[in-house]
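Contents: one structure, followed by commentary.
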Amino acid sequence: MSLEFQNVSYHYPGTSQGLNDLSFSVNTGELVAVIGPSGSGKSTLLKLVSGLTTGHSGRIKLGGQDLANTPVHERNIGMVFQNYALFPHLNVLDNIAYGLKLRKVTKALRDAKAKALLDAVGMSAFADRAASQLSGGQQQRVALARALAIDPKALLLDEPLAALDASIRGQLRDQIREIQKRFNATTLLVTHDQEEALAMADRVAVLKDGCLLQLATPKDIYEQPVSSAVAQFVGLSTIYKGTVLAQDLVDVGFAKLVASTQHRVAGQTVHALIRPEHVQIDPLEITLNRMTGRVGAQRYLGSLSRFDFHVPGAATPLLGEARSLPTAAIAVAPEHICLLDS
Amino acid sequence: MIRGISLAYGCYLLLPMVLLLIGSMGNSWTNTVLPTGLTARWYQELWLDTSFRKAFVTSLTVAVSACAINTVLALPLAYSLYHRSGRSGSWAARVVSAMPVAVPTITLGFGYLIVFNTDWLPWLGSLPLLIAAHIIYTLPYLTNTLLTDLKHLQLNALEDAAATLGASPWAQFSSVVLPNLRHSLLSGLVMVAALSVGEFGLSNLLTSFQFRTYPVVLLQAFYGATGFACAATVVLLLLAATSALISSGLGQKNVSHR
C-alpha cells in the first residue's frame, strides 16, 4: 500500500519547529529512509503517519485513503520504537500476539502466527522469556515481529538501531531489510545515521528545518546531491565556494579546477563538492586539478587513512582518504568534482 | 560505626515491642522491671471484650473501605497527573506528594469537626465520614506510590506502542497500564491499610461511641490493667506489622520483576 504526503505541514505550538509543505510518496513495498539533523522534523513525520501526533495540514494518504480522521489505534500501521517498548508484563510470545488479541483472533491462531513471526526474526527459542531478559538487539527483533503481526498497511521504524551496540547494528540492519522485503512492507525509516539510511533504503529523503531537501536513491543522494546542505549531511566531503570562469573551469580562490559546469554561465557562483575517496595522492605533474600542499591531521582507519590536505590559500583543508598518505600533492579528477548551485 | 548505630536504633525500636509482648503475657506487673507470672488471660479478656471486638471490626471496615475507594480514586488521579506532568499537572503532583507532610492529621480533623458538626451537615461520628477522612489522609500515599511507578516504567512509550497495535485508550489503560501497575498498587494499598489501621489523631476527633476505631479504644485500655493494655497493643502491632511486611515484600517483588 502506498503512502503519500501532499503538502503536509505541522508546527509545534509556540515554536517554529515542525514540517513545512512536505510532498512525496512511498511506493508499495518500498523502504524510504528519512534523515536529517536534530529538529529537522523527521520524527514528527513518523508521529503524524502513526497518528501519535495529530493536527497537520495537507493530506497523508495510505492506500489512497486520507488518514486525518482515523485515530491511531484504527490506522493499522506497525511501528518499531527506538527503545523497543516491549510490554514488561508479557512474555515474548504474548508481546507479539498482543495486537492479534485486540483483534479478537483466537488464542490458537494468534500463538501460531506469533511463533511463525518469531521464527522469521530468528527468535523462536525465546518465546517464553520475559522481555527484560533479552538483549537490546533481541528486543528489537521481537518489536519488529510484534509490529508485523498485525499485517500492517505500512511499517514505521523510528531509529530502530540507535540504542544498539555498533557490532549488533550492522547485522540487525541487514535482517530488518531482508524481513521488510519478504513482507513487502511499505516502510518509512527515520534515522540520524546516514550510513544506515544509505545501506537500507530504496530511496532516501533528506529533511532540514522541516523541509524536504532531496528524495532520491542512495547512490544519487551521495553522488548527485542537490545542494551543499544535502552533501554535508550525507557522507564526508569538502565543499569550496567558487565562481564559474568559463566552460568547465571553476575558480575556487586558491586553485582553478576543471569540472563539468554543464548549463552554468561564467560569473555564476557555485559550490564544488569533493568526496574524500576521490582524492588521488601524489599524481603525475600533468594530472588535471593537481594541487600541492602538505598533510595535516591524519587518522588511521585500518584499511585506509583519512587525512587533511592543506593547500596554500585554501580556507579549509581538503579531506582525503587513501591507503597511504600523499607526500606533497593531490589531485581530483574533473568527473569527481560535483558542482552545486547552493 | 554504622553497624553500631543500626544496632542501637534497632534496640531502641524493638525493646518497647518486646516489653509489650512480655507484659501481655505477664500475670502481674507493678513496681518490678519485668512482670511476674505467665498467663494468657489478657488475650482471653480482650477477645471477650465486645468494645474491642467492635473496634477491631470498625478499624478493618474503615481500612478495607479506604483501600477500595482509594483504588478507584488514586489510579485515574495518578494516571492523569502523570500525563499532565510538565504542565499544570506537575504542580498538582507536587501538592499531592507534599500533602501528607504539609497537612497534619490534626488539622484535617479540626476542619472536619467544624464543617460536619453543623445542622446542615450533621455527619460527625458517622462511619462514612470516618472512612472519608481516612481516604483523604491515605490517598496521597497511594497516589505517590503509583506516580513513582508510572514515571519509572515510562508508560507513555508502552501506551504509544499499544496504540499503534490497535489498542483504544481504554484498552491501553486496562491491558498495559493496569497490569504494569499491579505490584505498586498492591504495595500501596497495603500501606494504606497499615496507615488506616494505626491512625489515631484523626479518628479520635471524628469517631462517635458507636464507631470507635481500634487505636481509639486502645487508649482506654491504658487506664486499666497493664497486661490487658499490652495485649491490646500487641494485636494492633501484629496487624500493622503484617501489613507493612506484606507491603515491603510486594515492593521487593516489584523491583525484582523489572
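Residue names in the C-alpha cells use chain letters A, B, ... in the order shown, residue numbers from 1 in each chain, and ligand numbers from 1 in the order shown.
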Contact residues (chain B, partner chain A, 10 Å, only C-alpha atoms) as a PDB file with N, CA and C atoms, in the first residue's frame:
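Result went into out37.pdb, see below:
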ATOM      1  N   LEU B 153       8.394   3.374  34.946  1.00  0.00           N
ATOM      2  CA  LEU B 153       8.089   2.453  33.838  1.00  0.00           C
ATOM      3  C   LEU B 153       8.103   3.131  32.468  1.00  0.00           C
ATOM      4  N   GLN B 154       8.072   4.451  32.450  1.00  0.00           N
ATOM      5  CA  GLN B 154       7.930   5.216  31.204  1.00  0.00           C
ATOM      6  C   GLN B 154       6.741   4.677  30.403  1.00  0.00           C
ATOM      7  N   LEU B 155       5.606   4.685  31.072  1.00  0.00           N
ATOM      8  CA  LEU B 155       4.436   4.047  30.487  1.00  0.00           C
ATOM      9  C   LEU B 155       3.948   4.694  29.202  1.00  0.00           C
ATOM     10  N   ASN B 156       4.274   5.966  28.987  1.00  0.00           N
ATOM     11  CA  ASN B 156       3.748   6.588  27.764  1.00  0.00           C
ATOM     12  C   ASN B 156       4.305   5.919  26.508  1.00  0.00           C
ATOM     13  N   ALA B 157       5.561   5.430  26.585  1.00  0.00           N
ATOM     14  CA  ALA B 157       6.135   4.730  25.437  1.00  0.00           C
ATOM     15  C   ALA B 157       5.385   3.415  25.194  1.00  0.00           C
ATOM     16  N   LEU B 158       5.026   2.730  26.288  1.00  0.00           N
ATOM     17  CA  LEU B 158       4.284   1.470  26.149  1.00  0.00           C
ATOM     18  C   LEU B 158       2.873   1.742  25.614  1.00  0.00           C
ATOM     19  N   GLU B 159       2.292   2.840  26.077  1.00  0.00           N
ATOM     20  CA  GLU B 159       0.950   3.185  25.586  1.00  0.00           C
ATOM     21  C   GLU B 159       0.979   3.511  24.090  1.00  0.00           C
ATOM     22  N   ASP B 160       2.011   4.236  23.680  1.00  0.00           N
ATOM     23  CA  ASP B 160       2.151   4.549  22.256  1.00  0.00           C
ATOM     24  C   ASP B 160       2.257   3.265  21.442  1.00  0.00           C
ATOM     25  N   ALA B 161       3.074   2.332  21.944  1.00  0.00           N
ATOM     26  CA  ALA B 161       3.247   1.063  21.242  1.00  0.00           C
ATOM     27  C   ALA B 161       1.913   0.328  21.161  1.00  0.00           C
ATOM     28  N   ALA B 162       1.191   0.298  22.280  1.00  0.00           N
ATOM     29  CA  ALA B 162      -0.105  -0.390  22.310  1.00  0.00           C
ATOM     30  C   ALA B 162      -1.078   0.267  21.340  1.00  0.00           C
ATOM     31  N   ALA B 163      -1.055   1.604  21.293  1.00  0.00           N
ATOM     32  CA  ALA B 163      -1.972   2.330  20.402  1.00  0.00           C
ATOM     33  C   ALA B 163      -1.709   1.969  18.945  1.00  0.00           C
ATOM     34  N   THR B 164      -0.436   1.916  18.557  1.00  0.00           N
ATOM     35  CA  THR B 164      -0.138   1.583  17.155  1.00  0.00           C
ATOM     36  C   THR B 164      -0.532   0.141  16.846  1.00  0.00           C
ATOM     37  N   LEU B 165      -0.609  -0.704  17.874  1.00  0.00           N
ATOM     38  CA  LEU B 165      -1.004  -2.097  17.650  1.00  0.00           C
ATOM     39  C   LEU B 165      -2.516  -2.269  17.677  1.00  0.00           C
ATOM     40  N   GLY B 166      -3.242  -1.168  17.903  1.00  0.00           N
ATOM     41  CA  GLY B 166      -4.698  -1.234  17.806  1.00  0.00           C
ATOM     42  C   GLY B 166      -5.436  -1.052  19.117  1.00  0.00           C
ATOM     43  N   ALA B 167      -4.728  -0.672  20.184  1.00  0.00           N
ATOM     44  CA  ALA B 167      -5.403  -0.535  21.473  1.00  0.00           C
ATOM     45  C   ALA B 167      -6.061   0.842  21.602  1.00  0.00           C
ATOM     46  N   SER B 168      -7.358   0.843  21.909  1.00  0.00           N
ATOM     47  CA  SER B 168      -8.071   2.098  22.164  1.00  0.00           C
ATOM     48  C   SER B 168      -7.550   2.654  23.494  1.00  0.00           C
ATOM     49  N   PRO B 169      -7.828   3.931  23.813  1.00  0.00           N
ATOM     50  CA  PRO B 169      -7.336   4.469  25.087  1.00  0.00           C
ATOM     51  C   PRO B 169      -7.713   3.583  26.283  1.00  0.00           C
ATOM     52  N   ALA B 171      -8.352   0.324  26.205  1.00  0.00           N
ATOM     53  CA  ALA B 171      -7.578  -0.926  26.118  1.00  0.00           C
ATOM     54  C   ALA B 171      -6.131  -0.692  26.558  1.00  0.00           C
ATOM     55  N   GLN B 172      -5.592   0.485  26.238  1.00  0.00           N
ATOM     56  CA  GLN B 172      -4.224   0.797  26.676  1.00  0.00           C
ATOM     57  C   GLN B 172      -4.162   0.811  28.201  1.00  0.00           C
ATOM     58  N   SER B 175      -5.060  -2.976  29.489  1.00  0.00           N
ATOM     59  CA  SER B 175      -4.181  -4.090  29.135  1.00  0.00           C
ATOM     60  C   SER B 175      -2.693  -3.764  29.272  1.00  0.00           C
ATOM     61  N   VAL B 176      -2.362  -2.498  29.428  1.00  0.00           N
ATOM     62  CA  VAL B 176      -0.937  -2.158  29.570  1.00  0.00           C
ATOM     63  C   VAL B 176      -0.660  -1.439  30.906  1.00  0.00           C
ATOM     64  N   VAL B 177      -1.422  -0.373  31.156  1.00  0.00           N
ATOM     65  CA  VAL B 177      -1.138   0.432  32.352  1.00  0.00           C
ATOM     66  C   VAL B 177      -1.441  -0.363  33.634  1.00  0.00           C
ATOM     67  N   PRO B 179      -1.943  -3.701  34.313  1.00  0.00           N
ATOM     68  CA  PRO B 179      -1.099  -4.852  34.656  1.00  0.00           C
ATOM     69  C   PRO B 179       0.303  -4.451  35.108  1.00  0.00           C
ATOM     70  N   ASN B 180       0.818  -3.368  34.540  1.00  0.00           N
ATOM     71  CA  ASN B 180       2.168  -2.956  34.923  1.00  0.00           C
ATOM     72  C   ASN B 180       2.205  -2.230  36.266  1.00  0.00           C
ATOM     73  N   LEU B 181       1.030  -1.766  36.697  1.00  0.00           N
ATOM     74  CA  LEU B 181       0.984  -1.064  37.987  1.00  0.00           C
ATOM     75  C   LEU B 181       0.560  -1.987  39.123  1.00  0.00           C
ATOM     76  N   ARG B 182       0.308  -3.270  38.801  1.00  0.00           N
ATOM     77  CA  ARG B 182      -0.326  -4.127  39.804  1.00  0.00           C
ATOM     78  C   ARG B 182       0.508  -4.266  41.077  1.00  0.00           C
ATOM     79  N   HIS B 257      10.915  -7.751  39.686  1.00  0.00           N
ATOM     80  CA  HIS B 257      10.126  -8.002  38.481  1.00  0.00           C
ATOM     81  C   HIS B 257      10.708  -7.260  37.287  1.00  0.00           C
ATOM     82  N   ARG B 258      11.326  -6.101  37.538  1.00  0.00           N
ATOM     83  CA  ARG B 258      11.856  -5.272  36.459  1.00  0.00           C
ATOM     84  C   ARG B 258      13.094  -5.871  35.856  1.00  0.00           C
TER      85      ARG B 258
END
Item checked: Selection: 8 Å around B:Leu113, only C-alpha atoms, excl. self and same-chain fewer than 2 positions, as a list in words -> Gly109, Phe110, Gly111, Val115, Phe116, Asn117, Leu124, Leu205 and Leu206 of chain B
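For the set B:Val64, B:Cys230, B:Val192, B:Leu146, the residue with the smallest atom-to-atom gap to B:Pro35 is B:Cys230, counting only C-alpha atoms.
The space separating atom CA of A:Leu31 from atom CA of A:Leu189 comes to 7.0 Å.
Atom to atom, atom CA of B:Thr233 and atom CA of B:Pro215 stand 8.4 Å apart.
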